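Next comes input.cif, a file with mmCIF, C-alpha atoms.
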```cif
data_final
loop_
_atom_site.label_atom_id
_atom_site.label_comp_id
_atom_site.auth_asym_id
_atom_site.auth_seq_id
_atom_site.Cartn_x
_atom_site.Cartn_y
_atom_site.Cartn_z
CA MET A 1 18.17 106.09 205.82
CA GLU A 2 19.25 108.90 208.12
CA LEU A 3 21.65 108.03 210.90
CA SER A 4 19.16 109.40 213.44
CA GLN A 5 16.63 106.81 212.27
CA ILE A 6 19.23 104.05 212.62
CA ALA A 7 19.85 105.28 216.18
CA HIS A 8 16.10 105.04 216.83
CA ILE A 9 15.82 101.49 215.41
CA LEU A 10 18.77 100.29 217.48
CA GLU A 11 17.84 102.28 220.61
CA ALA A 12 21.36 103.68 220.32
CA ARG A 13 22.79 106.90 221.69
CA PHE A 14 25.39 109.14 220.11
CA LEU A 15 28.80 109.23 221.78
CA ALA A 16 30.45 111.40 219.10
CA CYS A 17 29.41 113.57 216.13
CA GLU A 18 25.70 113.79 216.84
CA ARG A 19 25.82 116.85 214.53
CA LEU A 20 26.05 114.39 211.62
CA LYS A 21 22.77 112.63 212.52
CA SER A 22 21.21 113.57 209.18
CA GLU A 23 23.87 111.70 207.17
CA GLU A 24 22.42 109.08 204.84
CA ILE A 25 23.40 105.44 205.39
CA THR A 26 22.42 102.80 202.83
CA LYS A 27 24.73 99.88 203.61
CA ALA A 28 26.29 98.24 206.64
CA GLY A 29 28.80 95.58 207.66
CA ALA A 30 29.67 93.87 210.94
CA SER A 31 33.16 92.82 212.00
CA ASP A 32 35.51 92.58 214.95
CA LEU A 33 38.54 92.23 212.70
CA LEU A 34 39.99 95.52 211.58
CA SER A 35 41.83 94.12 208.56
CA ASP A 36 38.53 92.69 207.33
CA VAL A 37 37.13 96.21 207.50
CA LEU A 38 40.05 97.39 205.36
CA ALA A 39 39.64 94.48 202.94
CA ALA A 40 35.98 95.26 202.29
CA ASP A 41 34.71 98.09 200.14
CA ALA A 42 33.23 99.87 203.11
CA GLU A 43 33.35 103.51 201.99
CA ASN A 44 30.49 105.43 203.68
CA ALA A 45 29.13 102.21 205.20
CA LEU A 46 27.90 101.74 208.76
CA LEU A 47 30.15 99.47 210.83
CA LEU A 48 28.74 97.40 213.68
CA THR A 49 31.53 96.21 215.95
CA GLY A 50 32.57 95.23 219.44
CA ILE A 51 36.04 96.75 219.01
CA GLN A 52 36.29 99.96 220.99
CA THR A 53 39.99 100.80 220.71
CA ILE A 54 41.64 103.90 219.31
CA GLN A 55 42.78 101.75 216.35
CA MET A 56 39.13 101.12 215.49
CA VAL A 57 38.64 104.88 214.94
CA LYS A 58 41.84 105.12 212.88
CA THR A 59 40.90 102.09 210.81
CA CYS A 60 37.50 103.64 210.11
CA ASN A 61 39.21 106.84 208.97
CA ILE A 62 41.45 104.92 206.56
CA ALA A 63 38.58 102.74 205.28
CA GLY A 64 36.24 105.75 204.92
CA ILE A 65 33.57 104.27 207.22
CA GLY A 66 30.51 106.53 207.51
CA ALA A 67 29.49 105.74 211.12
CA VAL A 68 30.09 103.16 213.86
CA ILE A 69 27.66 101.31 216.14
CA LEU A 70 29.22 99.75 219.22
CA ILE A 71 27.19 96.75 220.31
CA ARG A 72 26.33 95.21 223.71
CA GLY A 73 26.35 98.60 225.45
CA LYS A 74 30.05 99.22 224.93
CA VAL A 75 31.33 102.71 225.70
CA PRO A 76 35.00 103.33 224.92
CA ASP A 77 37.52 105.44 226.84
CA HIS A 78 37.26 109.19 226.58
CA ASP A 79 40.28 109.50 224.24
CA VAL A 80 38.58 107.18 221.72
CA ILE A 81 35.39 109.27 221.76
CA GLU A 82 37.45 112.45 221.48
CA LEU A 83 39.34 111.16 218.43
CA ALA A 84 36.08 110.11 216.74
CA GLU A 85 34.74 113.62 217.36
CA GLU A 86 37.91 115.18 215.90
CA GLU A 87 37.89 112.90 212.88
CA GLY A 88 34.20 113.51 212.18
CA LEU A 89 33.26 109.87 212.74
CA PRO A 90 29.76 109.41 214.23
CA LEU A 91 30.04 106.91 217.08
CA LEU A 92 26.96 105.33 218.68
CA SER A 93 26.37 102.73 221.36
CA THR A 94 23.48 100.25 221.51
CA GLY A 95 22.65 97.77 224.24
CA LEU A 96 21.60 95.22 221.60
CA SER A 97 23.70 92.21 220.62
CA MET A 98 25.44 92.10 217.24
CA PHE A 99 22.88 89.57 215.95
CA ILE A 100 19.82 91.55 216.96
CA ALA A 101 21.27 94.89 215.85
CA CYS A 102 22.12 93.51 212.39
CA GLY A 103 18.73 91.81 212.14
CA ARG A 104 16.79 94.98 212.92
CA LEU A 105 18.71 97.01 210.32
CA TYR A 106 18.35 94.30 207.66
CA GLN A 107 14.63 94.12 208.31
CA GLN A 108 14.36 97.88 207.81
CA GLY A 109 16.04 97.69 204.40
CA ILE A 110 19.70 98.46 205.11
CA GLN A 111 21.84 96.58 202.60
CA GLY A 112 25.11 94.73 203.05
CA LEU A 113 28.38 95.91 201.54
CA LYS A 114 28.30 96.06 197.74
CA HIS A 115 24.53 96.49 198.34
CA ALA A 116 23.94 92.76 198.89
CA ARG A 117 20.62 91.56 200.34
CA MET B 118 53.81 119.17 188.93
CA ALA B 119 56.96 118.99 191.04
CA SER B 120 57.74 115.92 193.09
CA LEU B 121 56.45 115.93 196.66
CA SER B 122 57.82 113.72 199.41
CA ARG B 123 57.24 113.11 203.11
CA THR B 124 58.87 110.76 205.59
CA PHE B 125 57.27 109.55 208.81
CA ARG B 126 58.80 107.64 211.70
CA ILE B 127 56.85 104.59 212.94
CA GLN B 128 57.48 103.55 216.53
CA LYS B 129 57.43 99.87 217.29
CA ARG B 130 54.68 98.77 219.70
CA ASP B 131 53.33 102.32 220.02
CA PHE B 132 49.62 101.70 219.65
CA THR B 133 48.66 105.20 220.71
CA ASN B 134 50.24 106.76 217.64
CA ALA B 135 49.95 103.77 215.32
CA GLY B 136 48.19 104.79 212.13
CA ASN B 137 49.00 108.50 212.40
CA ALA B 138 51.56 108.41 209.56
CA SER B 139 49.00 106.89 207.17
CA ILE B 140 46.29 109.29 208.30
CA SER B 141 48.69 112.17 207.55
CA VAL B 142 49.32 110.71 204.09
CA LYS B 143 45.56 110.41 203.53
CA LYS B 144 45.03 114.06 204.52
CA LEU B 145 47.83 115.10 202.18
CA LEU B 146 46.31 113.14 199.28
CA LYS B 147 42.90 114.68 199.96
CA SER B 148 44.40 118.17 199.87
CA LEU B 149 45.89 117.35 196.47
CA ASN B 150 42.44 116.44 195.10
CA LEU B 151 43.40 112.95 193.95
CA SER B 152 40.54 110.54 193.19
CA ALA B 153 38.76 108.82 196.09
CA CYS B 154 39.86 105.46 194.69
CA VAL B 155 43.57 106.38 194.70
CA ILE B 156 43.32 107.93 198.17
CA ARG B 157 41.69 104.75 199.45
CA LYS B 158 44.27 102.42 197.92
CA VAL B 159 47.30 104.38 199.12
CA SER B 160 45.85 104.92 202.62
CA ILE B 161 45.01 101.25 203.13
CA CYS B 162 48.45 100.10 201.97
CA GLY B 163 50.21 102.67 204.15
CA TYR B 164 48.12 101.74 207.17
CA GLU B 165 48.57 97.97 206.82
CA GLY B 166 52.32 98.48 206.35
CA GLU B 167 52.49 100.82 209.32
CA MET B 168 50.58 98.41 211.57
CA ASN B 169 52.92 95.60 210.54
CA VAL B 170 55.88 97.64 211.77
CA VAL B 171 54.13 98.53 215.03
CA MET B 172 53.16 94.89 215.68
CA HIS B 173 56.15 92.95 214.40
CA ALA B 174 59.27 95.08 213.99
CA ALA B 175 62.22 94.83 216.34
CA THR B 176 63.14 98.44 215.61
CA ASP B 177 61.29 101.63 214.74
CA GLY B 178 60.45 101.93 211.06
CA ILE B 179 59.92 104.50 208.33
CA LEU B 180 56.97 105.27 206.06
CA ALA B 181 58.14 107.21 203.02
CA PHE B 182 55.74 108.82 200.57
CA GLU B 183 56.62 110.35 197.23
CA LEU B 184 54.36 111.77 194.55
CA THR B 185 55.80 112.45 191.13
CA GLU B 186 54.06 113.41 187.91
CA LYS B 187 53.48 109.78 186.95
CA LYS B 188 53.55 107.70 190.16
CA ILE B 189 52.93 107.56 193.87
CA PHE B 190 55.64 105.66 195.71
CA LEU B 191 55.06 104.34 199.22
CA THR B 192 57.82 102.54 201.10
CA VAL B 193 57.57 100.96 204.55
CA SER B 194 60.81 99.74 206.08
CA ASP B 195 62.15 98.36 209.33
CA GLU B 196 65.33 96.66 210.53
CA GLY B 197 64.06 93.33 211.75
CA PRO B 198 63.20 90.64 212.47
CA GLY B 199 62.40 90.01 208.78
CA ILE B 200 59.81 87.71 207.20
CA GLU B 201 60.81 84.05 207.04
CA ASP B 202 58.67 83.06 204.07
CA ILE B 203 57.09 85.93 202.13
CA GLU B 204 54.78 83.71 200.04
CA THR B 205 53.30 82.16 203.19
CA ALA B 206 52.97 85.58 204.85
CA MET B 207 51.04 86.85 201.81
CA GLN B 208 48.38 84.14 202.20
CA LYS B 209 44.98 85.25 203.40
CA GLY B 210 44.54 84.36 207.06
CA TYR B 211 48.21 83.71 207.84
CA SER B 212 49.37 85.70 210.85
CA THR B 213 52.05 85.60 213.52
CA ALA B 214 50.42 88.36 215.57
CA SER B 215 50.20 87.80 219.33
CA ASP B 216 46.94 87.45 221.27
CA GLU B 217 47.46 90.98 222.58
CA PHE B 218 47.18 92.34 219.04
CA ARG B 219 44.30 90.05 218.13
CA GLU B 220 42.31 91.46 221.02
CA MET B 221 42.79 94.90 219.49
CA GLY B 222 41.21 93.65 216.27
CA PHE B 223 44.41 92.97 214.35
CA GLY B 224 46.11 89.76 213.36
CA ALA B 225 43.45 88.57 210.91
CA GLY B 226 46.23 87.68 208.50
CA MET B 227 44.93 90.11 205.91
CA GLY B 228 47.62 92.82 206.02
CA LEU B 229 49.97 91.82 203.21
CA HIS B 230 47.04 90.40 201.27
CA ASN B 231 45.26 93.78 201.48
CA ILE B 232 48.45 95.50 200.32
CA ARG B 233 48.73 93.17 197.33
CA GLU B 234 45.07 93.81 196.42
CA ASN B 235 45.42 97.60 196.55
CA ALA B 236 48.92 98.44 195.29
CA ASP B 237 49.40 98.71 191.52
CA SER B 238 52.91 97.33 192.00
CA LEU B 239 54.41 95.63 195.04
CA HIS B 240 57.91 94.49 195.87
CA ILE B 241 58.94 93.03 199.23
CA ASP B 242 62.56 92.54 200.27
CA SER B 243 63.08 90.80 203.56
CA THR B 244 66.11 89.28 205.23
CA LEU B 245 65.93 87.47 208.55
CA GLY B 246 67.70 89.51 211.19
CA ALA B 247 68.18 92.46 208.85
CA GLY B 248 64.69 93.75 208.17
CA THR B 249 61.93 94.26 205.65
CA VAL B 250 61.34 96.83 202.92
CA ILE B 251 57.91 96.97 201.26
CA ARG B 252 57.88 99.09 198.10
CA MET B 253 54.52 99.99 196.63
CA GLU B 254 53.62 102.00 193.56
CA PHE B 255 50.32 103.55 192.50
CA ASN B 256 49.05 105.29 189.42
CA PRO B 257 47.79 108.74 190.56
CA GLY B 258 45.21 108.68 187.77
CA GLY B 259 43.38 105.65 189.12
#
```
How does the structure come out when it is put into structure tokens?
Amino acid sequence: MELSQIAHILEARFLACERLKSEEITKAGASDLLSDVLAADAENALLLTGIQTIQMVKTCNIAGIGAVILIRGKVPDHDVIELAEEEGLPLLSTGLSMFIACGRLYQQGIQGLKHAR
Amino acid sequence: MASLSRTFRIQKRDFTNAGNASISVKKLLKSLNLSACVIRKVSICGYEGEMNVVMHAATDGILAFELTEKKIFLTVSDEGPGIEDIETAMQKGYSTASDEFREMGFGAGMGLHNIRENADSLHIDSTLGAGTVIRMEFNPGG
């Protein structure tokens, strides 16, 4: 599914790298623990998280995360958005809760990590 | 292929720059056209090691990277406080990170465990009061 369609499903807006809205996303994971993100095979996956620090962007770079959805309307500081833009990491914000955001994506066919259903 | 090495300084408690050394290593590995799997393993180990220094070390630390024809060597070192019980620290979920770091998303107790899962060879030397040296090796072919 294209990232732009995920944005539509989650009523999310792009904060960084909107130019990558045509990127394909097939799997997603949700976590607020950065080491869990690194422990999972999350290459090219969508990450749903409430963590909006600069370390979140760096962790996503190291883990090869494809795009990030910040939940509950979170908008990080400007330097975090700027780093995501520089690193080519699409960053989006949705007003939905983690539970509802995950549920909507699952319902629309997005798989878990390792393509679990 | 000649040997290639880089050394990066890691500043304790500097969360603004934390991770930059490992991101530089990742960029370097990408430019060398190594496999995605090797890049991932080395980057994760470097990053977890680097974050450990930022969160726990009493002094600044060093991340050293070396690529030879047959191996990638990654070494993360600091000069204290040292790990009291390495086996316990390696356990999934064990962490001594403060609440401050947990709020940033760290301190899940997965750092050393992640390193053990990703490094092809791992050796940790730690002495209380003297410091910790984590030596990791990887096979550049996979």
Checklist entry - Which residue gives the smallest distance to Leu34 in chain A among A:Leu3, A:Ala12, A:Cys60, A:Ala116, with only C-alpha atoms counted? => result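 Answer, going by the shortest atom-to-atom distance: A:Cys60.
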Can you check which residues of chain A have any atom within 8 Å of chain B? Use all atoms listed in the file and format it as a compact mmCIF listing (two decimals) with C-alpha atoms, keeping the file's coordinate frame.
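Just written: selection21.txt:
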```txt
# COMPACT_ATOMS: atom_id res chain seq x y z
CA ASP A 32 35.51 92.58 214.95
CA LEU A 33 38.54 92.23 212.70
CA LEU A 34 39.99 95.52 211.58
CA SER A 35 41.83 94.12 208.56
CA ASP A 36 38.53 92.69 207.33
CA LEU A 38 40.05 97.39 205.36
CA ALA A 39 39.64 94.48 202.94
CA ILE A 51 36.04 96.75 219.01
CA THR A 53 39.99 100.80 220.71
CA ILE A 54 41.64 103.90 219.31
CA GLN A 55 42.78 101.75 216.35
CA MET A 56 39.13 101.12 215.49
CA LYS A 58 41.84 105.12 212.88
CA THR A 59 40.90 102.09 210.81
CA ASN A 61 39.21 106.84 208.97
CA ILE A 62 41.45 104.92 206.56
CA ALA A 63 38.58 102.74 205.28
CA GLY A 64 36.24 105.75 204.92
```
Would you kindly return, as a compact mmCIF listing (two decimals) with C-alpha atoms, keeping the file's coordinate frame, each protein, DNA or RNA residue with an atom no farther than 8 Å from any atom of range 18-23 of chain A, considering only C-alpha atoms and excluding same-chain residues fewer than 3 positions away?
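Generated output (out_26.txt):
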```
# COMPACT_ATOMS: atom_id res chain seq x y z
CA GLU A 2 19.25 108.90 208.12
CA LEU A 3 21.65 108.03 210.90
CA SER A 4 19.16 109.40 213.44
CA PHE A 14 25.39 109.14 220.11
CA LEU A 15 28.80 109.23 221.78
CA PRO A 90 29.76 109.41 214.23
```
Evaluate the PyMOL selection byres ((chain A and resi 46) around 6) and record the selected residues as an mmCIF file with C-alpha atoms, keeping the file's coordinate frame, following the chain and residue labels used in the document.
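Resulting contents of selection-v2.cif:
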```cif
data_model
loop_
_atom_site.group_PDB
_atom_site.id
_atom_site.type_symbol
_atom_site.label_atom_id
_atom_site.label_comp_id
_atom_site.auth_asym_id
_atom_site.auth_seq_id
_atom_site.Cartn_x
_atom_site.Cartn_y
_atom_site.Cartn_z
ATOM 1 C CA ALA A 28 26.290 98.240 206.640
ATOM 2 C CA ALA A 45 29.130 102.210 205.200
ATOM 3 C CA LEU A 47 30.150 99.470 210.830
ATOM 4 C CA GLY A 66 30.510 106.530 207.510
ATOM 5 C CA ALA A 67 29.490 105.740 211.120
ATOM 6 C CA VAL A 68 30.090 103.160 213.860
#
```
Checklist entry - What's the 9 Å shell around range 108-110 of chain A, counting only C-alpha atoms, without same-chain residues fewer than 6 positions away, as number ranges by chain? => result A: 1, 9, 25-28, 117
Next on the checklist: Using Å and a single decimal, report how far CA of Leu180 in chain B sits from CA of Pro198 in chain B.
Outcome noted: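 Separation of CA of Pro198 in chain B and CA of Leu180 in chain B: 17.1 Å.
Here CA of Arg130 in chain B is placed at a distance of 9.4 Å from CA of Thr176 in chain B.
Nearest-residue note for Gly258 in chain B: choosing from B:Lys209, B:Lys144, B:Lys187, B:His240, the minimum distance belongs to B:Lys187, counting all atoms listed in the file.
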Next on the checklist: Under the rule that all atoms listed in the file are counted, which of A:Val57, A:Val75, A:Leu113, A:Leu10 is the nearest residue to Phe99 in chain A?
Outcome noted: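 Of A:Val57, A:Val75, A:Leu113, A:Leu10, the one nearest Phe99 in chain A is A:Leu10, counting all atoms listed in the file.
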Next on the checklist: Using all atoms listed in the file, can you tell me which of A:Ile65, A:Ile71, A:Ala40, A:Cys17 comes closest to Glu86 in chain A?
Outcome noted: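 Closest to Glu86 in chain A of all the choices is A:Cys17.
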Once 8 Å is added on each side, what are the centre and the three edge lengths, in Å to one decimal, of the axis-aligned box enclosing the listed atoms of range 201-214 of chain B? Present them as JSON.
```
{"center_x": 52.7, "center_y": 85.3, "center_z": 207.8, "size_x": 32.3, "size_y": 22.2, "size_z": 31.5}
```
Checklist entry - For this file, the PyMOL selection byres ((chain A and resi 97) around 10) selects which residues, as JSON, numbers by chain? => result {"A": [10, 49, 50, 70, 71, 72, 73, 94, 95, 96, 98, 99, 100, 101, 102, 103]}
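Closest to Ser93 in chain A among A:Ala42, A:Ile69, A:Leu48, A:Ala30 is A:Ile69, based on all atoms listed in the file.
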Checklist entry - Written as an NGL selection string, what is the full residue list that the PyMOL selection byres ((chain B and resi 214) around 8) yields on the file shown? => result :B and (172-173 or 212-213 or 215-216 or 218-219 or 223-224)
Checklist entry - What is the distance, in Å and to one decimal place, between CA of Ile251 in chain B and CA of Glu87 in chain A? => result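 Computing it gives 28.1 Å between the two atoms.
Using all atoms listed in the file, the shortest contact distance between Arg126 in chain B and any of B:Leu146, B:Ser152, B:Glu186, B:Val193 is found at B:Val193.
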